[in-house]
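Trainee: My file is work-v7.txt. It has compact mmCIF, C-alpha atoms and all ligand atoms:
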# COMPACT_ATOMS: atom_id res chain seq x y z
CA MET A 4 0.00 0.00 0.00
CA LEU A 5 2.97 2.33 0.41
CA ARG A 6 4.41 1.75 -3.06
CA GLY A 7 4.63 5.07 -4.89
CA ARG A 8 2.87 6.92 -2.06
CA ARG A 9 4.26 10.22 -0.82
CA VAL A 10 4.95 10.24 2.89
CA LEU A 11 6.00 13.40 4.69
CA LEU A 12 7.86 12.36 7.85
CA CYS A 13 7.88 15.09 10.50
CA VAL A 14 10.43 14.59 13.24
CA THR A 15 10.09 16.52 16.52
CA GLY A 16 12.37 16.92 19.52
CA GLY A 17 12.62 13.81 21.63
CA VAL A 18 15.27 11.17 22.12
CA ALA A 19 13.17 8.83 19.96
CA ALA A 20 14.04 11.03 16.95
CA TYR A 21 16.89 8.61 16.22
CA LYS A 22 14.34 5.85 15.55
CA SER A 23 12.76 7.97 12.82
CA ALA A 24 15.91 7.65 10.75
CA TYR A 25 15.23 3.92 10.61
CA LEU A 26 11.54 4.60 10.00
CA ALA A 27 12.51 6.71 6.97
CA ARG A 28 14.57 3.80 5.65
CA ARG A 29 11.71 1.31 6.19
CA LEU A 30 9.24 3.61 4.43
CA LEU A 31 11.60 3.82 1.45
CA GLU A 32 12.05 0.05 1.43
CA ALA A 33 8.26 -0.28 1.32
CA GLY A 34 8.29 1.79 -1.88
CA ALA A 35 7.18 5.13 -0.46
CA VAL A 36 8.59 8.45 -1.62
CA VAL A 37 9.80 10.13 1.58
CA ARG A 38 10.47 13.75 2.45
CA VAL A 39 11.39 14.92 5.94
CA GLU A 40 10.62 17.94 8.09
CA MET A 41 12.43 18.54 11.39
CA THR A 42 11.75 20.96 14.23
CA ASP A 43 14.58 22.96 15.81
CA SER A 44 14.46 20.66 18.84
CA ALA A 45 14.63 17.54 16.65
CA LEU A 46 17.90 18.90 15.23
CA GLU A 47 19.29 18.84 18.78
CA PHE A 48 18.83 15.06 18.78
CA VAL A 49 19.66 13.94 15.21
CA GLY A 50 21.55 15.72 12.47
CA SER A 51 19.69 16.65 9.30
CA GLN A 52 22.50 14.99 7.35
CA THR A 53 21.40 11.57 8.60
CA PHE A 54 17.97 11.98 6.97
CA ALA A 55 19.50 13.58 3.87
CA ALA A 56 21.74 10.54 3.40
CA ILE A 57 18.81 8.15 3.81
CA THR A 58 16.22 9.94 1.67
CA GLY A 59 18.53 11.69 -0.80
CA GLU A 60 17.11 15.10 0.05
CA SER A 61 17.89 17.52 2.88
CA PRO A 62 15.10 17.77 5.42
CA PHE A 63 13.00 20.92 5.54
CA THR A 64 13.69 22.66 8.84
CA SER A 65 12.26 26.17 8.57
CA LEU A 66 9.14 27.98 7.49
CA PHE A 67 11.15 30.85 6.13
CA ASP A 68 14.71 29.87 5.34
CA THR A 69 14.12 27.42 2.47
CA VAL A 70 14.12 27.04 -1.29
CA LEU A 71 10.34 26.65 -1.24
CA VAL A 72 8.30 29.85 -1.25
CA SER A 73 5.60 28.42 0.99
CA PRO A 74 7.01 25.17 2.39
CA HIS A 75 4.12 24.32 4.71
CA THR A 76 1.44 24.53 2.02
CA GLU A 77 3.58 23.02 -0.74
CA LEU A 78 4.60 20.03 1.36
CA ALA A 79 1.06 19.74 2.78
CA ARG A 80 -0.23 19.37 -0.79
CA TRP A 81 2.60 17.15 -1.94
CA ALA A 82 1.98 14.49 0.70
CA ASP A 83 -0.43 11.56 0.57
CA LEU A 84 0.17 10.99 4.27
CA VAL A 85 1.84 13.01 7.02
CA VAL A 86 3.55 11.04 9.80
CA VAL A 87 4.69 12.90 12.92
CA ALA A 88 7.18 10.60 14.66
CA PRO A 89 8.16 11.08 17.36
CA ALA A 90 5.44 13.58 18.30
CA THR A 91 6.40 15.54 21.40
CA ALA A 92 3.95 16.82 24.00
CA ALA A 93 4.78 20.33 22.79
CA THR A 94 4.01 19.58 19.14
CA LEU A 95 0.79 17.73 20.04
CA GLY A 96 -0.26 20.72 22.16
CA ARG A 97 0.41 23.16 19.36
CA ILE A 98 -1.51 21.14 16.78
CA ALA A 99 -4.46 20.60 19.15
CA ASN A 100 -4.66 24.33 19.70
CA GLY A 101 -4.02 25.49 16.18
CA ILE A 102 -0.69 27.12 17.03
CA SER A 103 1.18 26.84 13.77
CA GLU A 104 4.35 28.72 14.57
CA ASP A 105 6.86 26.22 13.16
CA LEU A 106 7.10 24.28 9.90
CA VAL A 107 5.77 20.96 11.27
CA THR A 108 2.67 22.39 12.96
CA ALA A 109 1.96 24.76 10.05
CA THR A 110 2.15 21.81 7.63
CA VAL A 111 -0.15 19.65 9.74
CA LEU A 112 -2.69 22.47 9.90
CA ALA A 113 -2.35 23.14 6.17
CA THR A 114 -2.83 19.60 4.96
CA THR A 115 -6.03 17.80 4.02
CA VAL A 116 -4.47 14.34 3.82
CA PRO A 117 -4.47 11.87 6.72
CA VAL A 118 -2.08 12.58 9.58
CA LEU A 119 -0.57 9.86 11.76
CA LEU A 120 0.83 10.89 15.14
CA ALA A 121 3.30 8.73 17.08
CA PRO A 122 3.57 10.33 20.54
CA ALA A 123 6.69 9.79 22.64
CA MET A 124 7.40 11.27 26.05
CA HIS A 125 8.00 10.46 29.69
CA THR A 126 5.07 8.86 31.48
CA GLU A 127 4.41 11.96 33.60
CA MET A 128 4.13 14.10 30.46
CA TRP A 129 1.92 11.51 28.74
CA GLU A 130 -0.43 11.34 31.73
CA HIS A 131 -0.56 15.09 32.33
CA PRO A 132 -4.14 16.37 31.99
CA ALA A 133 -3.00 18.84 29.31
CA THR A 134 -1.61 16.01 27.15
CA VAL A 135 -4.65 13.82 27.84
CA ARG A 136 -6.96 16.63 26.75
CA ASN A 137 -4.85 17.45 23.70
CA LEU A 138 -4.95 13.80 22.59
CA GLU A 139 -8.73 13.75 22.96
CA THR A 140 -8.97 16.87 20.82
CA LEU A 141 -6.60 15.49 18.20
CA ARG A 142 -8.60 12.26 17.94
CA GLU A 143 -11.81 14.30 17.60
CA PHE A 144 -10.16 16.22 14.74
CA GLY A 145 -9.70 12.88 12.99
CA TYR A 146 -5.95 12.46 13.45
CA HIS A 147 -4.68 8.89 13.67
CA VAL A 148 -2.59 7.95 16.68
CA VAL A 149 -0.21 5.02 17.00
CA GLY A 150 1.28 4.12 20.40
CA PRO A 151 2.83 5.02 22.70
CA GLU A 152 3.91 1.74 24.19
CA GLU A 153 4.88 0.80 27.69
CA GLY A 154 8.59 0.10 28.19
CA PRO A 155 11.99 1.54 29.01
CA LEU A 156 12.22 5.32 28.48
CA ALA A 157 15.19 7.66 28.17
CA GLY A 158 17.03 8.13 31.47
CA GLY A 159 16.27 4.63 32.74
CA ASP A 160 12.58 5.15 33.58
CA VAL A 161 9.94 2.57 32.66
CA GLY A 162 6.28 3.23 31.80
CA PRO A 163 3.91 4.26 29.02
CA GLY A 164 5.33 6.88 26.68
CA ARG A 165 7.76 4.93 24.54
CA VAL A 166 7.32 5.67 20.84
CA ALA A 167 5.71 2.91 18.74
CA GLU A 168 8.26 0.75 16.94
CA PRO A 169 9.02 1.68 13.30
CA GLU A 170 7.34 -1.52 12.06
CA GLU A 171 4.17 -0.61 13.93
CA ILE A 172 4.18 2.93 12.52
CA LEU A 173 4.76 1.47 9.06
CA ALA A 174 1.79 -0.88 9.45
CA ALA A 175 -0.43 1.96 10.70
CA ALA A 176 0.63 4.18 7.76
CA SER A 177 -0.09 1.42 5.29
CA GLY A 178 -3.46 0.71 6.90
CA ILE A 179 -4.53 4.34 6.73
CA LEU A 180 -3.67 4.65 3.05
CA ALA A 181 -5.44 1.39 2.25
CA ARG A 182 -8.56 1.99 4.33
CA GLU A 183 -11.03 3.47 1.93
CA GLY A 184 -9.95 2.27 -1.46
CA ARG A 185 -8.60 -1.02 -0.08
CA GLY A 186 -6.71 -1.42 -3.33
CA ARG A 187 -9.94 -1.72 -5.31
CA LYS A 188 -9.73 -1.09 -9.03
CA ILE A 189 -11.01 2.23 -10.27
CA LEU A 190 -10.96 3.38 -13.90
CA ILE A 191 -10.85 7.07 -14.70
CA THR A 192 -10.91 8.63 -18.15
CA ALA A 193 -9.73 12.19 -18.77
CA GLY A 194 -9.25 14.77 -21.48
CA GLY A 195 -10.78 15.44 -24.87
CA THR A 196 -10.26 12.99 -27.69
CA ARG A 197 -8.67 14.11 -30.95
CA GLU A 198 -10.06 12.69 -34.15
CA PRO A 199 -7.61 13.05 -37.05
CA VAL A 200 -8.54 14.70 -40.34
CA ASP A 201 -5.05 14.10 -41.71
CA PRO A 202 -1.65 13.62 -40.02
CA VAL A 203 -1.59 17.30 -39.03
CA ARG A 204 -5.16 18.31 -38.31
CA PHE A 205 -7.79 16.96 -35.96
CA LEU A 206 -11.30 17.55 -34.69
CA GLY A 207 -11.21 18.05 -30.94
CA ASN A 208 -12.78 19.81 -28.02
CA ARG A 209 -11.75 22.16 -25.24
CA SER A 210 -11.45 19.61 -22.43
CA SER A 211 -8.10 19.98 -20.62
CA GLY A 212 -8.23 16.73 -18.64
CA LYS A 213 -7.70 18.61 -15.35
CA MET A 214 -10.90 17.27 -13.77
CA GLY A 215 -10.17 13.61 -14.55
CA HIS A 216 -6.55 13.95 -13.43
CA ALA A 217 -7.67 15.56 -10.15
CA ILE A 218 -9.98 12.59 -9.53
CA ALA A 219 -7.16 10.16 -10.29
CA ASP A 220 -4.80 11.92 -7.85
CA ALA A 221 -7.43 11.96 -5.11
CA ALA A 222 -8.30 8.30 -5.71
CA VAL A 223 -4.64 7.24 -5.37
CA VAL A 224 -4.43 9.02 -2.02
CA ARG A 225 -7.54 7.17 -0.88
CA GLY A 226 -5.91 3.83 -1.59
CA TYR A 227 -7.58 2.83 -4.86
CA ASP A 228 -5.73 0.95 -7.58
CA VAL A 229 -6.08 3.64 -10.26
CA THR A 230 -5.98 3.21 -14.02
CA LEU A 231 -6.14 6.54 -15.82
CA VAL A 232 -6.93 6.54 -19.53
CA THR A 233 -6.12 10.04 -20.68
CA THR A 234 -5.49 12.21 -23.71
CA ALA A 235 -3.95 14.94 -21.55
CA ASP A 236 -0.25 15.48 -21.08
CA LEU A 237 -0.58 16.43 -17.40
CA PRO A 238 1.50 15.17 -14.46
CA VAL A 239 0.23 12.09 -12.65
CA HIS A 240 0.81 10.57 -9.25
CA PRO A 241 3.55 7.90 -9.51
CA ALA A 242 1.21 5.19 -8.21
CA THR A 243 -1.20 5.68 -11.16
CA LYS A 244 -1.31 3.27 -14.10
CA VAL A 245 -1.52 5.62 -17.06
CA ILE A 246 -2.67 4.72 -20.55
CA ARG A 247 -2.25 7.61 -22.96
CA VAL A 248 -4.58 7.69 -25.95
CA GLU A 249 -5.70 10.14 -28.62
CA THR A 250 -8.90 9.04 -30.30
CA ALA A 251 -12.25 7.77 -29.06
CA GLU A 252 -11.47 4.42 -30.69
CA GLU A 253 -8.17 4.14 -28.78
CA MET A 254 -9.87 5.19 -25.55
CA LEU A 255 -12.51 2.49 -26.04
CA GLY A 256 -9.78 -0.10 -26.60
CA ALA A 257 -7.97 0.94 -23.40
CA VAL A 258 -11.19 0.99 -21.38
CA GLU A 259 -12.18 -2.46 -22.68
CA GLY A 260 -8.88 -3.81 -21.38
CA THR A 261 -9.81 -2.94 -17.79
CA ASP A 262 -12.11 -4.64 -15.31
CA PRO A 263 -12.79 -2.05 -12.62
CA GLU A 264 -15.24 -2.04 -9.73
CA ILE A 265 -15.73 1.68 -10.21
CA ALA A 266 -15.57 3.71 -13.43
CA ILE A 267 -15.46 7.50 -13.48
CA LEU A 268 -15.68 8.61 -17.07
CA ALA A 269 -14.64 12.25 -17.09
CA ALA A 270 -13.17 12.34 -20.60
CA ALA A 271 -14.84 14.47 -23.23
CA VAL A 272 -15.17 11.90 -25.98
CA ALA A 273 -15.83 13.31 -29.44
CA ASP A 274 -19.26 12.30 -30.71
CA PHE A 275 -18.08 12.45 -34.31
CA ARG A 276 -14.89 11.80 -36.21
CA PRO A 277 -13.92 12.39 -39.84
CA ALA A 278 -15.25 9.39 -41.79
CA ASP A 279 -11.88 9.08 -43.52
CA THR A 280 -8.46 10.17 -42.38
CA ALA A 281 -6.17 11.34 -45.18
CA GLU A 282 -2.81 9.56 -45.11
CA SER A 283 -0.89 12.71 -45.99
CA LYS A 284 -1.55 16.34 -45.24
CA ILE A 285 -4.38 17.71 -47.37
CA PRO A 286 -2.84 20.61 -49.36
CA ARG A 287 -4.59 23.93 -49.00
CA ALA A 288 -4.58 24.25 -52.79
CA ASP A 289 -6.82 21.16 -53.06
CA GLY A 290 -9.55 22.99 -51.16
CA LEU A 291 -11.90 21.16 -48.83
CA SER A 292 -15.50 22.25 -48.77
CA SER A 293 -16.71 19.73 -46.20
CA ILE A 294 -15.64 16.90 -43.95
CA GLU A 295 -17.83 13.85 -43.88
CA LEU A 296 -18.40 12.69 -40.32
CA ALA A 297 -18.99 9.29 -38.74
CA SER A 298 -20.10 8.47 -35.20
CA THR A 299 -17.53 7.49 -32.59
CA PRO A 300 -18.12 4.59 -30.19
CA ASP A 301 -20.15 5.34 -27.05
CA ILE A 302 -17.64 4.44 -24.33
CA LEU A 303 -20.05 5.15 -21.47
CA ALA A 304 -22.67 2.84 -23.01
CA SER A 305 -20.07 0.11 -23.45
CA VAL A 306 -19.16 0.28 -19.75
CA VAL A 307 -22.74 0.47 -18.46
CA GLY A 308 -23.72 -2.33 -20.84
CA ARG A 309 -21.25 -4.87 -19.40
CA ALA A 310 -22.65 -8.10 -17.97
CA ILE A 311 -21.54 -6.93 -14.53
CA PRO A 312 -21.19 -3.17 -14.86
CA PRO A 313 -18.97 -1.23 -12.48
CA PHE A 314 -20.40 1.56 -10.33
CA THR A 315 -20.36 4.16 -13.09
CA VAL A 316 -20.05 7.92 -12.84
CA GLY A 317 -20.76 9.87 -16.02
CA PHE A 318 -20.14 13.51 -16.82
CA ALA A 319 -22.48 15.90 -18.57
CA ALA A 320 -20.63 19.04 -19.68
CA GLU A 321 -23.64 20.87 -21.04
CA THR A 322 -24.81 24.23 -22.15
CA GLY A 323 -28.43 23.22 -21.93
CA GLY A 324 -29.30 23.29 -18.23
CA LEU A 325 -29.94 20.82 -15.46
CA GLU A 326 -33.08 19.28 -16.97
CA ARG A 327 -31.13 18.16 -20.01
CA ALA A 328 -28.50 16.61 -17.73
CA LYS A 329 -31.20 14.80 -15.73
CA GLU A 330 -32.60 13.39 -18.94
CA LYS A 331 -29.09 12.31 -19.98
CA ALA A 332 -28.51 10.63 -16.58
CA ARG A 333 -31.71 8.57 -17.10
CA ARG A 334 -30.94 7.72 -20.69
CA LYS A 335 -27.32 6.78 -20.02
CA ASN A 336 -28.31 4.63 -17.03
CA VAL A 337 -25.37 5.78 -14.87
CA ASP A 338 -25.18 5.46 -11.08
CA LEU A 339 -24.14 9.07 -10.69
CA MET A 340 -24.06 11.92 -13.20
CA VAL A 341 -21.82 14.94 -12.62
CA TYR A 342 -23.28 17.92 -14.40
CA ASN A 343 -21.60 21.19 -15.14
CA ASP A 344 -22.65 24.11 -17.27
CA VAL A 345 -19.53 24.90 -19.28
CA THR A 346 -20.76 28.39 -20.12
CA GLU A 347 -20.64 29.46 -16.47
CA PRO A 348 -17.60 31.55 -15.42
CA GLY A 349 -14.99 29.47 -13.53
CA SER A 350 -16.69 26.26 -14.55
CA GLY A 351 -15.67 23.68 -17.08
CA PHE A 352 -12.89 23.43 -19.63
CA GLY A 353 -9.35 24.52 -18.78
CA THR A 354 -10.20 26.20 -15.47
CA ASP A 355 -8.91 25.09 -12.05
CA THR A 356 -12.37 25.38 -10.55
CA ASN A 357 -15.72 23.82 -11.30
CA ARG A 358 -19.31 24.21 -10.21
CA VAL A 359 -21.09 20.91 -10.51
CA ALA A 360 -24.32 19.22 -9.54
CA PHE A 361 -24.71 15.53 -8.75
CA ILE A 362 -27.69 13.66 -10.16
CA ASP A 363 -28.25 10.20 -8.71
CA ARG A 364 -30.24 7.25 -10.07
CA ASP A 365 -33.45 8.56 -8.49
CA GLY A 366 -33.01 11.94 -10.16
CA ALA A 367 -32.17 13.60 -6.82
CA VAL A 368 -29.93 16.64 -7.34
CA GLU A 369 -27.20 18.02 -5.08
CA GLU A 370 -25.78 21.34 -6.25
CA LEU A 371 -22.25 22.21 -5.10
CA PRO A 372 -20.75 25.69 -4.88
CA LEU A 373 -17.81 26.78 -7.07
CA LEU A 374 -14.88 24.65 -5.85
CA ALA A 375 -11.31 23.82 -6.80
CA LYS A 376 -11.28 20.79 -9.12
CA ARG A 377 -9.40 18.78 -6.49
CA GLU A 378 -12.20 19.51 -4.00
CA VAL A 379 -14.81 18.49 -6.59
CA ALA A 380 -12.80 15.28 -7.02
CA GLU A 381 -12.95 14.62 -3.27
CA ARG A 382 -16.74 15.18 -3.24
CA ILE A 383 -17.20 12.77 -6.15
CA LEU A 384 -15.14 10.12 -4.34
CA ASP A 385 -17.13 10.76 -1.14
CA ARG A 386 -20.32 10.02 -3.10
CA VAL A 387 -18.79 6.91 -4.64
CA ALA A 388 -17.61 5.66 -1.22
CA ALA A 389 -21.02 6.37 0.31
CA ALA A 390 -22.80 4.49 -2.47
CA VAL A 391 -20.41 1.57 -2.84
CA ASP A 392 -19.58 0.97 0.82
CA GLY A 393 -22.19 2.89 2.73
CA GLN A 394 -19.29 5.03 3.99
CA GLY A 395 -20.31 8.56 4.84
C1 LIG B 401 17.05 15.00 26.65
C2 LIG B 401 15.67 15.46 26.31
C3 LIG B 401 14.74 14.55 25.92
C4 LIG B 401 13.44 14.95 25.62
N1 LIG B 401 12.53 14.03 25.23
C5 LIG B 401 11.27 14.40 25.01
C6 LIG B 401 10.29 13.45 24.63
O1 LIG B 401 10.56 12.27 24.48
N2 LIG B 401 9.04 13.87 24.44
C7 LIG B 401 8.67 15.18 24.60
O2 LIG B 401 7.49 15.49 24.43
N3 LIG B 401 9.57 16.11 24.90
C8 LIG B 401 10.85 15.76 25.11
N4 LIG B 401 11.77 16.70 25.44
C9 LIG B 401 11.36 18.11 25.52
C10 LIG B 401 11.21 18.70 24.11
O3 LIG B 401 12.46 18.62 23.43
C11 LIG B 401 10.75 20.15 24.18
O4 LIG B 401 9.45 20.19 24.74
C12 LIG B 401 10.78 20.84 22.86
O5 LIG B 401 10.31 22.17 23.01
C13 LIG B 401 9.92 20.14 21.81
O6 LIG B 401 9.92 20.89 20.64
P1 LIG B 401 9.25 20.38 19.30
O7 LIG B 401 7.94 19.79 19.66
O8 LIG B 401 9.10 21.64 18.48
O9 LIG B 401 10.18 19.45 18.62
C14 LIG B 401 13.08 16.32 25.71
C15 LIG B 401 14.07 17.25 26.09
C16 LIG B 401 15.35 16.82 26.38
C17 LIG B 401 16.36 17.85 26.77
For the structure just supplied, provide its representation as structure tokens.
Mentor:
Amino acid sequence: MLRGRRVLLCVTGGVAAYKSAYLARRLLEAGAVVRVEMTDSALEFVGSQTFAAITGESPFTSLFDTVLVSPHTELARWADLVVVAPATAATLGRIANGISEDLVTATVLATTVPVLLAPAMHTEMWEHPATVRNLETLREFGYHVVGPEEGPLAGGDVGPGRVAEPEEILAAASGILAREGRGRKILITAGGTREPVDPVRFLGNRSSGKMGHAIADAAVVRGYDVTLVTTADLPVHPATKVIRVETAEEMLGAVEGTDPEIAILAAAVADFRPADTAESKIPRADGLSSIELASTPDILASVVGRAIPPFTVGFAAETGGLERAKEKARRKNVDLMVYNDVTEPGSGFGTDTNRVAFIDRDGAVEELPLLAKREVAERILDRVAAAVDGQG
């Protein structure tokens, strides 16, 4: 479950910081991509060079003195999972109270991905009412906590407060990333198809592929086994299986080669293609008064028409209003239709935002506000999870 996943390891100032060097190594061995943040106190316990040698990149140690313009938000977005190990009483207290005055706490507050905390401290600190209350708050916020264990502590004391062993943290990290998707197969299509007129020219549409790629990225983070069939030349998460295609026919072929439990068909597939494609460039001098068109295959229909169809999400990028999309949802027989009016400002092709409405099988409509495409992606996956698993 950790293969190709991006883990941000945040090390804070306790003696157990030395164990996090080994944790970094184990995460890498499990296939994760690891970056490290360290607090000032952590640097008192372990040198940044140790982590640099293990991960191949110097740890990030400051909010301000770094090559990144906004390290907390950039690293918060980069990560699929944030692991704070060891997590001191001080760091836990700051996170619980929203005090984001250093890089680690600012990153934890800035991220939307799961956060795993591995507390480590002396028993008296662990049992202090302030720490007990902070832990309660952190659990309420939805943070995951692993350990601490009972055992020998620094200075010869024995009791609860010992950081969880690296293997246990590794297992917890893997479990969190696997929880929702559980490695289940999800197919996502993205981008507009290009139907060739001749080797130079094509009929296409304005779809950028950003929406489908955002869904694929979000699905990887949730632990799905993602196959992305795309026409877009956009970056993808390293854990994604990518099949790049151009035409509707190629997209159909790629889709037919998959057997997903869930299909989210966000690509804008051309409805028509030139009936014939010229083998060489049509010279301007020849003139061309018309292009004869032929229909392209209906990829959505081919998926919905399977003997055992996946849970299928279709997209209706329309200019004709919600009623038309509702009619399309019925006709296409999808489990969920995502409708957007591409004429609305900030919505649709090429933008980083989208305003969509969900139409379910019963025709019930949920209209969402204008959101970043990544947030729309999360909402779509929430609906899929709720429908497929009864998860809320
Ligand atoms: C030798 C030594 C060991 C420490 N071990 C711990 C520890 O295990 N857990 C803890 O919460 N604080 C521990 N502290 C105190 C923290 O280093 C201190 O609270 C610091 O401000 C934490 O900063 P940070 O959370 O920003 O890393 C230790 C301090 C010293 C001097």
Trainee: Would you place a box with edges along x, y and z of the file around all atoms of ligand LIG 401 (chain B) listed there, add 8 Å to each of its six sides, and report the centre and edge lengths in Å to one decimal, as AutoDock Vina command-line options?
Mentor:
--center_x 12.3 --center_y 17.2 --center_z 22.6 --size_x 25.6 --size_y 25.9 --size_z 24.3
Trainee: For a cut-off of 12 Å around (2.7, 19.2, 25.5), file coordinates, pick out all residues using all atoms listed in the file and list them as a PDB file with C-alpha atoms, in the coordinates of the input.
Mentor:
ATOM      1  CA  THR A  15      10.090  16.520  16.520  1.00  0.00           C
ATOM      2  CA  GLY A  16      12.370  16.920  19.520  1.00  0.00           C
ATOM      3  CA  GLY A  17      12.620  13.810  21.630  1.00  0.00           C
ATOM      4  CA  ALA A  90       5.440  13.580  18.300  1.00  0.00           C
ATOM      5  CA  THR A  91       6.400  15.540  21.400  1.00  0.00           C
ATOM      6  CA  ALA A  92       3.950  16.820  24.000  1.00  0.00           C
ATOM      7  CA  ALA A  93       4.780  20.330  22.790  1.00  0.00           C
ATOM      8  CA  THR A  94       4.010  19.580  19.140  1.00  0.00           C
ATOM      9  CA  LEU A  95       0.790  17.730  20.040  1.00  0.00           C
ATOM     10  CA  GLY A  96      -0.260  20.720  22.160  1.00  0.00           C
ATOM     11  CA  ARG A  97       0.410  23.160  19.360  1.00  0.00           C
ATOM     12  CA  ILE A  98      -1.510  21.140  16.780  1.00  0.00           C
ATOM     13  CA  ALA A  99      -4.460  20.600  19.150  1.00  0.00           C
ATOM     14  CA  ASN A 100      -4.660  24.330  19.700  1.00  0.00           C
ATOM     15  CA  PRO A 122       3.570  10.330  20.540  1.00  0.00           C
ATOM     16  CA  ALA A 123       6.690   9.790  22.640  1.00  0.00           C
ATOM     17  CA  MET A 124       7.400  11.270  26.050  1.00  0.00           C
ATOM     18  CA  HIS A 125       8.000  10.460  29.690  1.00  0.00           C
ATOM     19  CA  GLU A 127       4.410  11.960  33.600  1.00  0.00           C
ATOM     20  CA  MET A 128       4.130  14.100  30.460  1.00  0.00           C
ATOM     21  CA  TRP A 129       1.920  11.510  28.740  1.00  0.00           C
ATOM     22  CA  GLU A 130      -0.430  11.340  31.730  1.00  0.00           C
ATOM     23  CA  HIS A 131      -0.560  15.090  32.330  1.00  0.00           C
ATOM     24  CA  PRO A 132      -4.140  16.370  31.990  1.00  0.00           C
ATOM     25  CA  ALA A 133      -3.000  18.840  29.310  1.00  0.00           C
ATOM     26  CA  THR A 134      -1.610  16.010  27.150  1.00  0.00           C
ATOM     27  CA  VAL A 135      -4.650  13.820  27.840  1.00  0.00           C
ATOM     28  CA  ARG A 136      -6.960  16.630  26.750  1.00  0.00           C
ATOM     29  CA  ASN A 137      -4.850  17.450  23.700  1.00  0.00           C
ATOM     30  CA  LEU A 138      -4.950  13.800  22.590  1.00  0.00           C
TER      31      LEU A 138
END
Trainee: Just how far from atom C14 of ligand LIG 401 (chain B) is CA of Ser65 in chain A, in Å to one decimal?
Mentor: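 Distance reported for this atom pair: 19.8 Å.
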Trainee: Work out how far CA of Ala278 in chain A is from CA of Ile294 in chain A, in Å to one decimal.
Mentor: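 Atom-to-atom, CA of Ile294 in chain A to CA of Ala278 in chain A, that is 7.8 Å.
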Trainee: Just to confirm, what's the straight-line distance from CA of Glu321 in chain A to CA of Asp236 in chain A in Å (one decimal)?
Mentor: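 Taking CA of Glu321 in chain A and CA of Asp236 in chain A, their separation equals 24.0 Å.
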Trainee: Which residue is closest to Leu231 in chain A? Choose from A:Thr250, A:Thr243, A:Thr315, A:Thr69 and count all atoms listed in the file.
Mentor: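 The shortest atom-to-atom distance to Leu231 in chain A comes from A:Thr243.
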Trainee: Which residue, A:Ala157, A:Val85, A:Ala55, A:Ala167, has the smallest gap to ligand LIG 401 (chain B) when you use only C-alpha atoms and all ligand atoms?
Mentor: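 The closest residue to ligand LIG 401 (chain B) is A:Ala157.
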Trainee: For a quick check of your reading of the model, name the residues lying within 12 Å of the coordinate (-14.2, 14.3, -5.2), counting all atoms listed in the file, and write them as a VMD selection string.
Mentor: chain A and resid 214 to 225 267 316 341 357 359 361 371 374 to 389
Trainee: I'd like to know which of A:Ala20, A:Val86, A:Leu11, A:Ala251 is closest to ligand LIG 401 (chain B), using all atoms listed in the file.
Mentor: A:Ala20
Trainee: Would you mind telling me which residue in A:Val161, A:Ala269, A:Leu5, A:Val107 lies nearest to ligand LIG 401 (chain B) when using only C-alpha atoms and all ligand atoms?
Mentor: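 Smallest separation from ligand LIG 401 (chain B) among the options: A:Val107.
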Trainee: Using all atoms listed in the file, find the one residue out of A:Pro151, A:Gly349, A:Gly324, A:Gly207 that sits nearest to ligand LIG 401 (chain B).
Mentor: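 Of A:Pro151, A:Gly349, A:Gly324, A:Gly207, the one nearest ligand LIG 401 (chain B) is A:Pro151, counting all atoms listed in the file.
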Trainee: Tell me, as a PyMOL selection string, which residues lie within 8 Å of Asp83 in chain A, counting all atoms listed in the file; anything in the same chain fewer than 6 positions away does not count.
Mentor: chain A and resi 8-11+116-117+224
Trainee: With only C-alpha atoms as the counted atoms, please give the residues lying no more than 9 Å from Asn343 in chain A, apart from itself and same-chain residues fewer than 4 positions off, as a PyMOL selection string.
Mentor: chain A and resi 318-322+324-325+328+347+350-351+357-360
Trainee: May I ask which of the residues A:Glu32, A:Asp160, A:Glu60, A:Glu139 is the closest one to ligand LIG 401 (chain B), counting all atoms listed in the file?
Mentor: A:Asp160
